[in-house]
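S.K.: Handing you this structure, nothing more for now.
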Amino acid sequence: MWIFLLNLEKALYKYPIKTPKSTQTLFQKTMATKTQDLASPPLQEKIVIKNTIPRVIELVILSLLVSLLVYRVITFKDQDHYFPWLLALLCESWFTFNWILIVNAKWTQCMTKTYPERLLDRINESEFPAVDIFVTTADPILEPCIITMNTVLSLLAVDYPANKLALYLSDDGCSPLTFYSLVETMKFAKLWVPFCKKYNVQVRAPFQYFMTKPPSMEDESLEFQQEWKKMKNEYGNLYKKIEIAGQRTFSCDRDSDLGVFADVHRSNHPTIIKVVSENKEGTPNDLPHVIYISREKKPNHHHHYKAGAMNVLARVSGVMTNAPLMLNVDCDMYANNPQVFLHAMCMLFGFKNEEDCSFIQFPQAFYDGLKDDPFGIQMLQFCYIGNGVSSIQGFFYSGTNCFHRRKVIYGSSPNDANKTGNTDKENLHKIFGKSIEMRESAAQALSGSSAKIENQAIPSRFIEAAIKVAGCSYEYGTSWGKLIGWMYGSTTEDLLTGLSIHGRGWKSVFCAPEPPPFLGCAPTTYPGALTQQKRWATGLLEVFFTNKNPLLLTLNGKLWFRQALVYMWICLWGIRSVPEICYAVLPAYCIITNSRFLPKISESAFLIPMGIFVIYTLYGIWELKRLGMSLRMWWNIQRMGRVNAMTAWLFACLSVVLKLLGLSQIVFEVTKKDQSSFDGDDNDDANDGRFTYDRSPMIVPGVVILLINLTALVSGVSRLLNIGSRENWTEMFGLGEVFCSVFVSLCFWELLKGLFGNGKYGIPSSTIWKSGGLALLFVQLCRRSSQWF
Ligand SMILES: O=c1ccn([C@@H]2O[C@H](COP(=O)(O)OP(=O)(O)O[C@H]3O[C@H](CO)[C@@H](O)[C@H](O)[C@H]3O)[C@@H](O)[C@H]2O)c(=O)[nH]1
Ligand SMILES: [Mn+2]
């Protein structure tokens, strides 16, 4: 679920922390981490980034936060109104705790660089390990097939021997359209892949490649020009075929290839596995194996969403090809850098100790990310956290763009890396389930041998075994989802799975080469963004309540303490909604009730909160400037950070509470991916990034907070107009409180516009009425309560 757009390394070179004499002073090149013999240059190296200035600033902020807490405790008894003071103390304690977690996460900074050009000097192509590629899709409407097919095409065309690859497409939508599209796509792939390799095409997802004309058609050979036109034509045909097929209802004639899809319902159907393309001769220049899977579904079985799909993929690929590496990509994440596999190999071969590299995570970046991140979802500001955690135990697993070692997913720990695996048959059946093929392949994977692929297994021979392991009752009584495979129990299965790997003592690596290895879609509408934010915060908080709680894993497992703190920071996102909301209504409460939660400006203690605000703000701007981002972007990230925390994260928190109470279940809501048209002319819509609203209750708390603060400001101003010149107006109510209230209102400015917007740009009136009622209730309660506290 982690999203990183920018390659920090590039950005830092461009915007150095201090004007360094040479970049060499900025990056102290450390010895290549445990790389091979000293004679040959390393395949990967770890670059430590000097971090003194940020550390100093962060410590200053921390000491100010602590001083504020101390000041509050000391002056508690002198207050006229205890309630706001106490509430502020509680909220600020949480913020201080959160800040400590952040400082820990960012304390040391490093990144890893790979040198794929050195790879072939060192390792023969025939020694490259086989890779099973998993692509998941769940819904042909929310995830248009053409997007998935572009992902498939880009992956089939990567620079890697094709006889070492098998691509498995998991379709949780059980859609004949997806299957049909895949079959048609494979016909096109027979032309497209050789074309890409012949001309060393850089972007191998056709929809992106044909979006822009090749820069200098005149310079290219006639042959290329002709082939280019032909290819564009062929892709256009594929596009149309899929589009037309999507518009009509499929007649799944029982005798045809689509016969298996007759009468299936997406949540009630048997397993469908079809080998769409097979590289029978095992030639490196042919196409990889391509297999379509739709796992069995029954209404009363829990399917565990993406995690369940990934486990089926692991098993099916286990019995069919059993490659020692698995690459996992979401349906919208096309491979943007054809060398991505070679970068991964640099990591794999670049570490002497297997333990240092359990999985290789590449960044999630977007091709359609909206300018300046209006919804605050691209998380670019977390680059520094990413580089920080990379220098502890390693980056989080982000659910997509990640190479896993099969044996790590199968539950092995670094110390039994050299053992031949537990080959006790009974035991293996208990863990991996009752299939003999599965047991054998698991034993093989755990022992580190890749015999099957070297025998050039032909997947279609194993269809029966594969259908068995894809059944929905196969996992009963096994360790899938608990000890092995992708972990169940959270909608952010990625973080939970990565956590369980780190908890066994493995380290992981993050690699951000240029150009970005994968590009995908980010939600392009506000409701879409809210849904995603809610799902993430929900899943993260769920992790906290599983037996993989980071604190438990440091105590009982091998999770490093500092790594556990970083996991804590991310898991507790949802909880933060509560102190954030309290803190956002405090200024309004104080203005309405004529009380205070900040020191008076005449007191010197006023400098503490002011200092925190000013330093924190300037520091935030500086951090983003170093990444090459605009001021506008900083403001969007900053305010949407507040808005998302108080809306989507609050609902996340509530859903976890309801789940813990056993009152409701949590579902994985797939985010909608926008389909770009073939000619790519629907871009640059002037309304891109404008806020739209649906009936979702998630924005209610946002509107309530906005209305409360506006009411407070209005009542403050009217009171000011009513006082005579005799009284000192600054004594009427705190300026600090007014400032905070204005700030909160500015953060919610988009919602204010939404109150007056029309059509989809307006907040539905039912939401406004509800929020208005709640805000009124709050104001009344404030007035009453001021007499009690
Ligand atoms: O029942 C399901 C639900 C989802 N998916 C797939 O899961 C992927 C991610 O879904 P998406 O709606 O795109 O969610 P995002 O929020 O964009 O995904 C991020 O966050 C998820 C966890 O919340 C991770 O699983 C993803 O890898 C990560 O990219 C897609 O390929 C879906 O097809 C399934 O296969 N089966
Ligand atoms: Mn996605």
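Residues are referred to by chain and number: the chain letter is A, B, ... according to the order shown in the structure tokens, the number counts from 1 in that chain, and ligands are numbered separately from 1 in the order shown.
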All residues within 9 Å of ligand 2 are required, counting only C-alpha atoms and all ligand atoms; please report them as a ChimeraX atom specification.
M.R.: /A:1,330-333,400,520-523,532,670-673
S.K.: What's around range 89-98 of chain A at 12 Å? Count only C-alpha atoms, leave out sequence neighbours fewer than 4 positions away in its own chain, and write the answer as a PyMOL selection string.
M.R.: chain A and resi 58-59+61-76+82-85+102-105+565-573+575-586+597-598+609+612
S.K.: Given a cut-off of 7 Å, what residues near ligand 1 show up using only C-alpha atoms and all ligand atoms, put as a ChimeraX atom specification?
M.R.: /A:1-2,135-139,170-172,304-306,309,330-332,398-400,491-494,522,532,535-536,539,668-672
S.K.: Please write the residues from the selection above to a file, keeping C-alpha atoms, as a PDB file, in the first residue's frame.
M.R.:
```pdb
ATOM      1  CA  MET A   1       0.000   0.000   0.000  1.00  0.00           C
ATOM      2  CA  TRP A   2       2.971   2.283   0.009  1.00  0.00           C
ATOM      3  CA  VAL A 135      -0.872 -10.267 -11.530  1.00  0.00           C
ATOM      4  CA  THR A 136      -4.123  -9.849  -9.621  1.00  0.00           C
ATOM      5  CA  THR A 137      -7.357  -8.384 -10.882  1.00  0.00           C
ATOM      6  CA  ALA A 138     -10.721  -8.405  -9.177  1.00  0.00           C
ATOM      7  CA  ASP A 139     -13.273  -6.630 -11.276  1.00  0.00           C
ATOM      8  CA  SER A 170      -5.551 -14.202 -10.982  1.00  0.00           C
ATOM      9  CA  ASP A 171      -9.069 -13.057 -11.750  1.00  0.00           C
ATOM     10  CA  ASP A 172     -11.241 -12.664  -8.668  1.00  0.00           C
ATOM     11  CA  HIS A 304      -9.596 -13.204   2.176  1.00  0.00           C
ATOM     12  CA  TYR A 305      -9.561 -10.823  -0.769  1.00  0.00           C
ATOM     13  CA  LYS A 306      -6.163 -10.145  -2.216  1.00  0.00           C
ATOM     14  CA  ALA A 309      -5.763 -14.661  -4.218  1.00  0.00           C
ATOM     15  CA  ASP A 330      -1.294  -5.166  -9.112  1.00  0.00           C
ATOM     16  CA  CYS A 331      -3.227  -5.194 -12.360  1.00  0.00           C
ATOM     17  CA  ASP A 332      -2.588  -1.501 -12.953  1.00  0.00           C
ATOM     18  CA  SER A 398       3.984  -2.651  -0.231  1.00  0.00           C
ATOM     19  CA  GLY A 399       1.740  -5.205  -1.905  1.00  0.00           C
ATOM     20  CA  THR A 400       2.947  -4.674  -5.427  1.00  0.00           C
ATOM     21  CA  THR A 491      -6.992  -5.488   4.478  1.00  0.00           C
ATOM     22  CA  THR A 492      -3.405  -4.284   4.208  1.00  0.00           C
ATOM     23  CA  GLU A 493      -2.192  -7.857   3.802  1.00  0.00           C
ATOM     24  CA  ASP A 494       1.035  -6.440   2.425  1.00  0.00           C
ATOM     25  CA  ALA A 522      -3.750   6.531  -8.240  1.00  0.00           C
ATOM     26  CA  GLN A 532      -8.422   4.025  -0.236  1.00  0.00           C
ATOM     27  CA  ARG A 535      -9.004   0.878   3.736  1.00  0.00           C
ATOM     28  CA  TRP A 536      -5.349   1.529   4.460  1.00  0.00           C
ATOM     29  CA  GLY A 539      -5.929  -2.517   7.606  1.00  0.00           C
ATOM     30  CA  PHE A 668     -11.711  -4.829   0.738  1.00  0.00           C
ATOM     31  CA  GLU A 669     -13.134  -2.137  -1.503  1.00  0.00           C
ATOM     32  CA  VAL A 670     -11.273  -2.140  -4.785  1.00  0.00           C
ATOM     33  CA  THR A 671     -10.327   1.322  -6.031  1.00  0.00           C
ATOM     34  CA  LYS A 672     -11.497   2.373  -9.465  1.00  0.00           C
TER      35      LYS A 672
END
```
S.K.: Give me, as a PyMOL selection string, all polymer residues having an atom no more than 8 Å from range 240-257 of chain A, counting only C-alpha atoms and skipping those fewer than 3 positions away in the same chain.
M.R.: chain A and resi 145-146+176-177+181+236-237+260-262
S.K.: May I have all residues of range 575-617 of chain A that DSSP, computed from the backbone, assigns to alpha helix (DSSP H), given as a list in words?
M.R.: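 Taking range 575-617 of chain A and keeping alpha helix (DSSP H) gives Ser577, Val578, Pro579, Glu580, Ile581, Cys582, Tyr583, Ala584, Val585, Leu586, Pro587, Ala588, Tyr589, Cys590, Ile591, Ile592, Thr593, Leu607, Ile608, Pro609, Met610, Gly611, Ile612, Phe613, Val614, Ile615, Tyr616 and Thr617 of chain A.
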S.K.: A:Ala588, A:Leu746, A:Met326, A:Leu87: which is nearest Phe341 in chain A, counting only C-alpha atoms?
M.R.: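 Ranking A:Ala588, A:Leu746, A:Met326, A:Leu87 by distance to Phe341 in chain A, first place goes to A:Met326.
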S.K.: Please indicate the distance in Å from CA of Asp159 in chain A to CA of Leu287 in chain A, rounded to one decimal place.
M.R.: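 If I compute the distance from CA of Asp159 in chain A to CA of Leu287 in chain A, I get 11.7 Å.
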S.K.: Could you please determine the separation between CA of Phe207 in chain A and CA of Thr321 in chain A in Å, to one decimal place?
M.R.: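 These atoms are spaced 29.9 Å apart.
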S.K.: Write out as an NGL selection string the residues lying within 7 Å of His269 in chain A, counting only C-alpha atoms and excluding same-chain residues fewer than 5 positions away.
M.R.: :A and (264 or 296-298)
S.K.: Ranking A:Cys110, A:Leu238, A:Leu191, A:Met310 by minimum distance to Ala512 in chain A and counting only C-alpha atoms, which one comes first?
M.R.: A:Cys110
S.K.: A:Asn415, A:Thr711, A:Ser490, A:Ser696: which is nearest Glu542 in chain A, counting only C-alpha atoms?
M.R.: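 Checking each candidate against Glu542 in chain A, we get A:Ser490 as the closest.
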